[in-house]
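What follows is upload_18.cif (mmCIF, C-alpha atoms and all ligand atoms).
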data_structure
#
loop_
_atom_site.label_atom_id
_atom_site.label_comp_id
_atom_site.auth_asym_id
_atom_site.auth_seq_id
_atom_site.Cartn_x
_atom_site.Cartn_y
_atom_site.Cartn_z
CA MET S 381 -144.50 -40.57 -107.90
CA ASP S 382 -143.66 -41.01 -104.22
CA TYR S 383 -140.01 -39.95 -104.04
CA ALA S 384 -139.56 -41.13 -100.44
CA ILE S 385 -140.54 -44.67 -101.47
CA ALA S 386 -138.35 -44.49 -104.60
CA ARG S 387 -135.45 -43.41 -102.39
CA ARG S 388 -135.97 -46.22 -99.89
CA LEU S 389 -136.02 -48.80 -102.70
CA MET S 390 -132.91 -47.21 -104.23
CA VAL S 391 -131.07 -47.62 -100.93
CA GLU S 392 -132.23 -51.22 -100.38
CA ARG S 393 -131.79 -52.57 -103.91
CA GLN S 394 -128.83 -50.62 -105.29
CA ILE S 395 -126.78 -49.72 -102.24
CA GLU S 396 -127.32 -52.12 -99.31
CA ALA S 397 -127.73 -55.08 -101.69
CA ARG S 398 -124.26 -54.34 -103.11
CA GLY S 399 -122.59 -54.27 -99.74
CA VAL S 400 -122.55 -50.67 -98.54
CA ARG S 401 -123.15 -51.02 -94.79
CA ASP S 402 -122.05 -47.79 -93.07
CA PRO S 403 -125.19 -46.64 -91.21
CA LEU S 404 -124.23 -42.96 -91.55
CA VAL S 405 -124.00 -43.34 -95.34
CA ILE S 406 -127.25 -45.31 -95.56
CA GLU S 407 -129.07 -42.70 -93.49
CA ALA S 408 -127.66 -39.84 -95.58
CA MET S 409 -128.68 -41.53 -98.85
CA LYS S 410 -132.21 -42.03 -97.46
CA ARG S 411 -132.47 -38.39 -96.48
CA VAL S 412 -131.24 -36.38 -99.50
CA PRO S 413 -133.92 -35.74 -102.16
CA ARG S 414 -131.85 -36.75 -105.22
CA HIS S 415 -134.55 -35.74 -107.72
CA ARG S 416 -134.08 -32.08 -106.74
CA PHE S 417 -130.55 -32.14 -108.19
CA VAL S 418 -131.64 -32.90 -111.78
CA GLU S 419 -133.95 -30.96 -114.08
CA GLU S 420 -137.64 -31.53 -113.46
CA ALA S 421 -138.12 -33.52 -116.67
CA LEU S 422 -135.75 -36.16 -115.20
CA TRP S 423 -137.25 -36.36 -111.69
CA SER S 424 -138.95 -39.69 -112.42
CA GLN S 425 -135.54 -41.19 -113.38
CA ALA S 426 -133.59 -39.72 -110.47
CA TYR S 427 -133.69 -42.92 -108.36
CA GLY S 428 -132.64 -45.23 -111.22
CA ASP S 429 -129.42 -47.25 -111.08
CA HIS S 430 -127.43 -44.95 -113.38
CA PRO S 431 -125.86 -41.51 -113.76
CA LEU S 432 -127.96 -38.73 -115.35
CA PRO S 433 -127.03 -35.65 -117.40
CA ILE S 434 -126.91 -32.30 -115.57
CA GLY S 435 -125.96 -30.08 -118.53
CA GLU S 436 -122.56 -28.82 -119.77
CA LYS S 437 -121.74 -32.45 -120.76
CA GLN S 438 -121.51 -33.38 -117.06
CA THR S 439 -123.33 -35.99 -114.98
CA ILE S 440 -124.70 -36.66 -111.51
CA SER S 441 -123.07 -39.97 -110.53
CA GLN S 442 -124.94 -43.28 -110.09
CA PRO S 443 -126.41 -43.50 -106.55
CA TYR S 444 -124.30 -46.59 -105.72
CA MET S 445 -121.08 -44.77 -106.70
CA VAL S 446 -122.02 -41.80 -104.48
CA ALA S 447 -122.65 -44.16 -101.55
CA LEU S 448 -119.50 -46.22 -102.16
CA MET S 449 -117.27 -43.13 -102.40
CA THR S 450 -118.83 -41.64 -99.27
CA GLU S 451 -118.28 -44.91 -97.39
CA ALA S 452 -114.67 -45.02 -98.63
CA LEU S 453 -114.05 -41.68 -96.88
CA GLN S 454 -114.72 -43.42 -93.51
CA LEU S 455 -116.47 -40.42 -91.94
CA ARG S 456 -117.65 -40.69 -88.33
CA GLY S 457 -119.34 -37.29 -88.08
CA GLY S 458 -118.01 -33.79 -87.49
CA GLU S 459 -115.27 -33.80 -90.14
CA LYS S 460 -114.15 -31.13 -92.58
CA VAL S 461 -114.35 -32.48 -96.13
CA LEU S 462 -113.27 -31.18 -99.53
CA GLU S 463 -115.11 -32.26 -102.68
CA ILE S 464 -113.73 -31.60 -106.15
CA GLY S 465 -116.44 -31.43 -108.83
CA THR S 466 -119.62 -29.97 -107.29
CA GLY S 467 -121.67 -30.78 -110.41
CA SER S 468 -125.31 -30.93 -109.33
CA GLY S 469 -124.44 -30.58 -105.61
CA TYR S 470 -125.88 -34.01 -104.75
CA GLN S 471 -122.67 -35.62 -103.48
CA ALA S 472 -121.98 -32.48 -101.44
CA ALA S 473 -125.46 -32.74 -99.88
CA VAL S 474 -124.85 -36.39 -98.95
CA LEU S 475 -121.48 -35.52 -97.38
CA ALA S 476 -123.08 -32.60 -95.54
CA GLN S 477 -125.42 -34.99 -93.67
CA ILE S 478 -122.36 -36.56 -91.98
CA ALA S 479 -119.50 -34.06 -92.01
CA SER S 480 -119.74 -30.76 -90.15
CA ARG S 481 -118.39 -28.69 -93.08
CA VAL S 482 -118.14 -29.43 -96.78
CA TYR S 483 -116.01 -27.36 -99.16
CA SER S 484 -116.78 -28.06 -102.81
CA VAL S 485 -115.02 -26.75 -105.93
CA GLU S 486 -116.55 -26.58 -109.42
CA ARG S 487 -114.98 -25.16 -112.60
CA ILE S 488 -118.25 -24.55 -114.54
CA ALA S 489 -120.09 -21.43 -113.35
CA SER S 490 -123.64 -22.46 -114.38
CA LEU S 491 -123.33 -25.76 -112.46
CA ALA S 492 -121.91 -24.09 -109.34
CA ARG S 493 -124.75 -21.54 -109.44
CA ARG S 494 -127.48 -24.12 -109.80
CA ALA S 495 -126.00 -26.38 -107.10
CA ARG S 496 -125.96 -23.41 -104.70
CA LEU S 497 -129.65 -22.70 -105.38
CA VAL S 498 -130.72 -26.31 -104.83
CA LEU S 499 -128.64 -26.72 -101.67
CA ASP S 500 -130.11 -23.51 -100.25
CA ASP S 501 -133.58 -24.62 -101.24
CA ILE S 502 -133.35 -27.95 -99.40
CA GLY S 503 -131.82 -26.22 -96.36
CA CYS S 504 -128.29 -27.60 -96.68
CA ARG S 505 -126.30 -24.86 -94.97
CA ASN S 506 -122.91 -26.42 -94.27
CA VAL S 507 -121.64 -26.52 -97.88
CA ASN S 508 -119.30 -23.82 -99.24
CA ILE S 509 -118.92 -23.76 -103.04
CA LYS S 510 -116.02 -22.14 -104.88
CA LEU S 511 -115.78 -21.56 -108.63
CA SER S 512 -112.20 -22.48 -109.46
CA ASP S 513 -109.79 -25.10 -110.80
CA GLY S 514 -110.10 -27.77 -108.13
CA THR S 515 -107.01 -29.71 -109.24
CA VAL S 516 -105.02 -27.59 -106.80
CA GLY S 517 -107.44 -28.23 -103.91
CA TRP S 518 -108.51 -25.42 -101.58
CA GLU S 519 -105.36 -24.40 -99.77
CA GLU S 520 -106.84 -21.62 -97.61
CA GLU S 521 -109.23 -24.09 -95.94
CA ALA S 522 -106.81 -27.02 -95.56
CA PRO S 523 -106.23 -29.39 -93.83
CA PHE S 524 -109.16 -31.71 -94.60
CA ASP S 525 -110.15 -34.96 -92.88
CA GLY S 526 -111.40 -36.22 -96.24
CA ILE S 527 -110.99 -35.24 -99.89
CA ILE S 528 -113.29 -36.74 -102.52
CA VAL S 529 -112.71 -36.20 -106.22
CA THR S 530 -115.74 -36.83 -108.43
CA ALA S 531 -114.00 -36.60 -111.81
CA GLY S 532 -111.38 -38.92 -113.35
CA SER S 533 -107.76 -37.81 -112.98
CA PRO S 534 -104.66 -38.93 -114.91
CA GLY S 535 -102.71 -39.00 -111.62
CA VAL S 536 -102.87 -37.91 -107.99
CA PRO S 537 -102.49 -34.11 -107.85
CA PRO S 538 -99.82 -33.35 -105.21
CA GLY S 539 -101.88 -30.58 -103.57
CA TYR S 540 -104.47 -33.10 -102.40
CA LEU S 541 -101.86 -35.09 -100.48
CA ALA S 542 -100.45 -31.91 -98.96
CA GLN S 543 -103.94 -30.76 -97.87
CA LEU S 544 -104.86 -34.00 -96.05
CA ALA S 545 -104.95 -33.86 -92.24
CA PRO S 546 -103.11 -36.60 -90.29
CA ASN S 547 -105.06 -39.84 -90.89
CA GLY S 548 -107.04 -38.00 -93.62
CA ARG S 549 -108.46 -40.00 -96.54
CA LEU S 550 -108.36 -39.08 -100.24
CA VAL S 551 -110.83 -40.88 -102.53
CA ILE S 552 -110.05 -40.34 -106.20
CA PRO S 553 -110.62 -42.05 -109.57
CA VAL S 554 -107.23 -42.36 -111.30
CA GLY S 555 -106.52 -43.68 -114.78
CA GLY S 556 -107.17 -43.07 -118.47
CA ARG S 557 -109.81 -40.97 -120.20
CA GLU S 558 -112.32 -43.83 -120.47
CA HIS S 559 -111.69 -45.97 -117.38
CA GLN S 560 -110.22 -45.36 -113.97
CA VAL S 561 -109.62 -47.14 -110.68
CA LEU S 562 -111.18 -45.59 -107.58
CA LYS S 563 -108.35 -45.26 -105.05
CA ARG S 564 -108.31 -44.52 -101.34
CA ILE S 565 -105.11 -42.92 -100.07
CA VAL S 566 -104.68 -42.57 -96.31
CA ARG S 567 -102.18 -40.16 -94.76
CA GLN S 568 -100.33 -42.17 -92.11
CA GLY S 569 -97.55 -39.67 -91.46
CA ALA S 570 -96.16 -36.39 -92.82
CA ALA S 571 -94.84 -38.12 -95.94
CA ASP S 572 -96.28 -41.61 -95.41
CA PHE S 573 -99.35 -42.53 -97.50
CA ARG S 574 -101.09 -45.92 -97.83
CA GLU S 575 -102.91 -46.53 -101.12
CA GLU S 576 -105.66 -49.07 -101.86
CA ASP S 577 -107.77 -49.81 -104.94
CA VAL S 578 -111.53 -49.76 -104.25
CA VAL S 579 -113.23 -50.51 -107.59
CA GLY S 580 -113.04 -49.88 -111.34
CA CYS S 581 -115.07 -46.86 -112.43
CA ARG S 582 -115.82 -44.42 -115.23
CA PHE S 583 -115.96 -40.67 -114.61
CA VAL S 584 -115.99 -37.51 -116.70
CA PRO S 585 -112.50 -35.97 -116.80
CA LEU S 586 -110.91 -33.77 -114.16
CA ILE S 587 -109.80 -30.78 -116.23
CA GLY S 588 -107.20 -28.31 -114.98
CA LYS S 589 -103.62 -27.53 -114.08
CA GLU S 590 -102.97 -30.91 -112.38
CA GLY S 591 -105.56 -32.90 -114.36
CA TRP S 592 -106.34 -33.31 -118.06
CA SER S 593 -105.91 -30.30 -120.31
CA GLU S 594 -109.08 -29.16 -122.06
CA GLY S 595 -107.60 -29.97 -125.49
CA GLU S 596 -107.08 -33.60 -124.43
CA VAL S 597 -110.76 -34.21 -123.71
CA VAL S 598 -112.70 -32.70 -126.62
N1 LIG S 601 -120.30 -34.62 -107.56
C1 LIG S 601 -121.21 -34.29 -108.63
C2 LIG S 601 -122.64 -34.48 -108.27
O1 LIG S 601 -122.94 -34.95 -107.16
O2 LIG S 601 -123.49 -34.13 -109.10
C3 LIG S 601 -120.90 -35.03 -109.91
C4 LIG S 601 -119.68 -34.52 -110.52
S1 LIG S 601 -119.47 -34.77 -112.24
C5 LIG S 601 -119.30 -36.52 -112.38
C6 LIG S 601 -117.81 -34.11 -112.33
C7 LIG S 601 -117.73 -32.62 -112.09
O3 LIG S 601 -116.36 -32.27 -111.98
C8 LIG S 601 -118.30 -31.79 -113.23
O4 LIG S 601 -119.26 -30.92 -112.75
C9 LIG S 601 -117.07 -31.05 -113.76
O5 LIG S 601 -117.36 -29.76 -114.27
C10 LIG S 601 -116.21 -30.99 -112.52
N2 LIG S 601 -114.79 -30.74 -112.75
C11 LIG S 601 -113.97 -31.24 -113.70
N3 LIG S 601 -112.73 -30.73 -113.56
C12 LIG S 601 -112.77 -29.90 -112.48
C13 LIG S 601 -111.81 -29.08 -111.83
N4 LIG S 601 -110.53 -28.99 -112.23
N5 LIG S 601 -112.21 -28.36 -110.77
C14 LIG S 601 -113.49 -28.41 -110.31
N6 LIG S 601 -114.44 -29.15 -110.90
C15 LIG S 601 -114.09 -29.89 -111.97
#

Show how you would write the structure in this file as structure tokens.
Amino acid sequence: MDYAIARRLMVERQIEARGVRDPLVIEAMKRVPRHRFVEEALWSQAYGDHPLPIGEKQTISQPYMVALMTEALQLRGGEKVLEIGTGSGYQAAVLAQIASRVYSVERIASLARRARLVLDDIGCRNVNIKLSDGTVGWEEEAPFDGIIVTAGSPGVPPGYLAQLAPNGRLVIPVGGREHQVLKRIVRQGAADFREEDVVGCRFVPLIGKEGWSEGEVV
């Protein structure tokens, strides 16, 4: 299988065809070898129009959702970005093509470890991964120009708002266990936030102090 061709078709048919236009996002999606972020037995499915399992009952998101969420962050290059939910490391790698520094938090050790190995292997050097409860953000590294949450949250954890830089954007799926709405929240002033709905979506739960409790999701 020619993965470069599969990736080009993925971008044309799943991403550009559905209206994602930001050239920085398109270029990043063309560049990152998505198949490397799933187990080898799934490489041939890595460019399909769907999420895939990555172990520990977690998923790598559908390519279109990765592109749409990245576009919603409105990056122009050079930013400092926080991702919650490292998972496979794929979304972090896409962000790292545009932003200058990516900080990513994962609560499951085996996923964080594997993501680190793959990112190192493909030469992605501007991603820092921390094993922790990401529902409280990453206070020591704040403020962030963008925060992207790749798991579904019952509400907007207050730490994310506090850790946004002026004009910073938070992209987060908010809602129930089964369905959420992807929201973009822009910090317009110290305590002034503008909120917009982007699209309906379905994510695995954000589990932690300011998210779902583990007992609620088994
Ligand atoms: N961004 C990932 C990728 O590109 O593969 C996909 C993320 S997957 C849909 C959601 C991830 O969020 C899972 O790996 C899960 O363990 C993680 N997660 C859930 N709650 C978390 C929390 N409180 N802190 C950090 N990670 C969390």

With a distance cut-off of 9 Å and only C-alpha atoms, select the neighbouring residues of S:Lys410, excluding the residue or stretch itself and same-chain residues fewer than 2 positions from it, and output the selection as a PDB file with C-alpha atoms, in the frame of the given file.
ATOM      1  CA  ALA S 384    -139.560 -41.130-100.440  1.00  0.00           C
ATOM      2  CA  ARG S 387    -135.450 -43.410-102.390  1.00  0.00           C
ATOM      3  CA  ARG S 388    -135.970 -46.220 -99.890  1.00  0.00           C
ATOM      4  CA  MET S 390    -132.910 -47.210-104.230  1.00  0.00           C
ATOM      5  CA  VAL S 391    -131.070 -47.620-100.930  1.00  0.00           C
ATOM      6  CA  VAL S 405    -124.000 -43.340 -95.340  1.00  0.00           C
ATOM      7  CA  ILE S 406    -127.250 -45.310 -95.560  1.00  0.00           C
ATOM      8  CA  GLU S 407    -129.070 -42.700 -93.490  1.00  0.00           C
ATOM      9  CA  ALA S 408    -127.660 -39.840 -95.580  1.00  0.00           C
ATOM     10  CA  VAL S 412    -131.240 -36.380 -99.500  1.00  0.00           C
ATOM     11  CA  PRO S 413    -133.920 -35.740-102.160  1.00  0.00           C
TER      12      PRO S 413
END

Might I get the box with edges along x, y and z of the file that holds all atoms of ligand LIG 601 (chain S) listed there, padded by 8 Å on every side, given as centre and edge lengths in Å to one decimal, as JSON?
{"center_x": -117.0, "center_y": -32.4, "center_z": -110.7, "size_x": 29.0, "size_y": 24.2, "size_z": 23.1}

- Message: Quick check, in Å to one decimal: how far apart do atom CA of S:Gly517 and atom CA of S:Ala489 lie?
- Response: 17.2 Å

- Message: How would you report the residues lying within 6 Å of ligand LIG 601 (chain S), as a list of chain:residue names, if you count only C-alpha atoms and all ligand atoms?
- Response: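 Protein and nucleic-acid residues within 6 Å of ligand LIG 601 (chain S): S:Gln438, S:Thr439, S:Ile440, S:Ser441, S:Ile464, S:Gly465, S:Thr466, S:Gly467, S:Ser468, S:Gly469, S:Tyr470, S:Gln471, S:Val485, S:Glu486, S:Arg487, S:Ile488, S:Asp513, S:Gly514, S:Thr515, S:Thr530, S:Ala531, S:Phe583, S:Val584, S:Pro585, S:Leu586, S:Ile587, S:Gly588.
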
- From the list S:Lys460, S:Arg582, S:Arg557, S:Lys437, which residue is nearest S:Gln477 when using all atoms listed in the file? S:Lys460

- Residues near S:Val578, cut-off 7 Å, only C-alpha atoms, skip fewer than 5 positions along chain, as a list in words: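 Close residues of S:Val578: Leu562, Lys563 and Arg564 of chain S.
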
- Message: Counting all atoms listed in the file, which residues sit no farther than 7 Å from the position (-118.6, -39.8, -94.6) in the file's frame? I'd like them as JSON, numbers by chain.
- Response: {"S": [405, 450, 451, 453, 454, 455, 456, 475, 478, 479]}

Requested write-out: C-alpha atoms of the selected residues, as a PDB file, in the frame of the given file:
ATOM      1  CA  VAL S 405    -124.000 -43.340 -95.340  1.00  0.00           C
ATOM      2  CA  THR S 450    -118.830 -41.640 -99.270  1.00  0.00           C
ATOM      3  CA  GLU S 451    -118.280 -44.910 -97.390  1.00  0.00           C
ATOM      4  CA  LEU S 453    -114.050 -41.680 -96.880  1.00  0.00           C
ATOM      5  CA  GLN S 454    -114.720 -43.420 -93.510  1.00  0.00           C
ATOM      6  CA  LEU S 455    -116.470 -40.420 -91.940  1.00  0.00           C
ATOM      7  CA  ARG S 456    -117.650 -40.690 -88.330  1.00  0.00           C
ATOM      8  CA  LEU S 475    -121.480 -35.520 -97.380  1.00  0.00           C
ATOM      9  CA  ILE S 478    -122.360 -36.560 -91.980  1.00  0.00           C
ATOM     10  CA  ALA S 479    -119.500 -34.060 -92.010  1.00  0.00           C
TER      11      ALA S 479
END

- Item | Distance query stretch 425-436 of chain S at most 9 Å, all atoms listed in the file, self and fewer than 6 positions along chain excluded, as a list in words |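 Result of the neighbour search: Tyr383, Ala386, Arg387, Leu389, Met390, Gln394, Arg414, His415, Arg416, Phe417, Val418, Glu419, Gln442, Pro443, Tyr444, Gly467, Ser468, Ile488, Ser490 and Leu491 of chain S.
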
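If only C-alpha atoms are the atoms counted, then among S:Ser512, S:Gln568, S:Ser424, S:Gln543 the closest residue to S:Phe524 is S:Gln543.
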
- List the neighbours of stretch 501-506 of chain S out to 8 Å using only C-alpha atoms; skip same-chain residues closer than 2 positions along the sequence, and give me the result as a list in words.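 With the cut-off at 8 Å, the set is Ala473, Ala476, Ser480, Arg481, Val482, Leu497, Val498, Leu499 and Asn508 of chain S.
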
- Go ahead and compute the interatomic distance for atom CA of S:Pro553 and atom CA of S:Met449, in Å to one decimal.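 Straight-line distance from atom CA of S:Pro553 to atom CA of S:Met449 works out to 9.8 Å.
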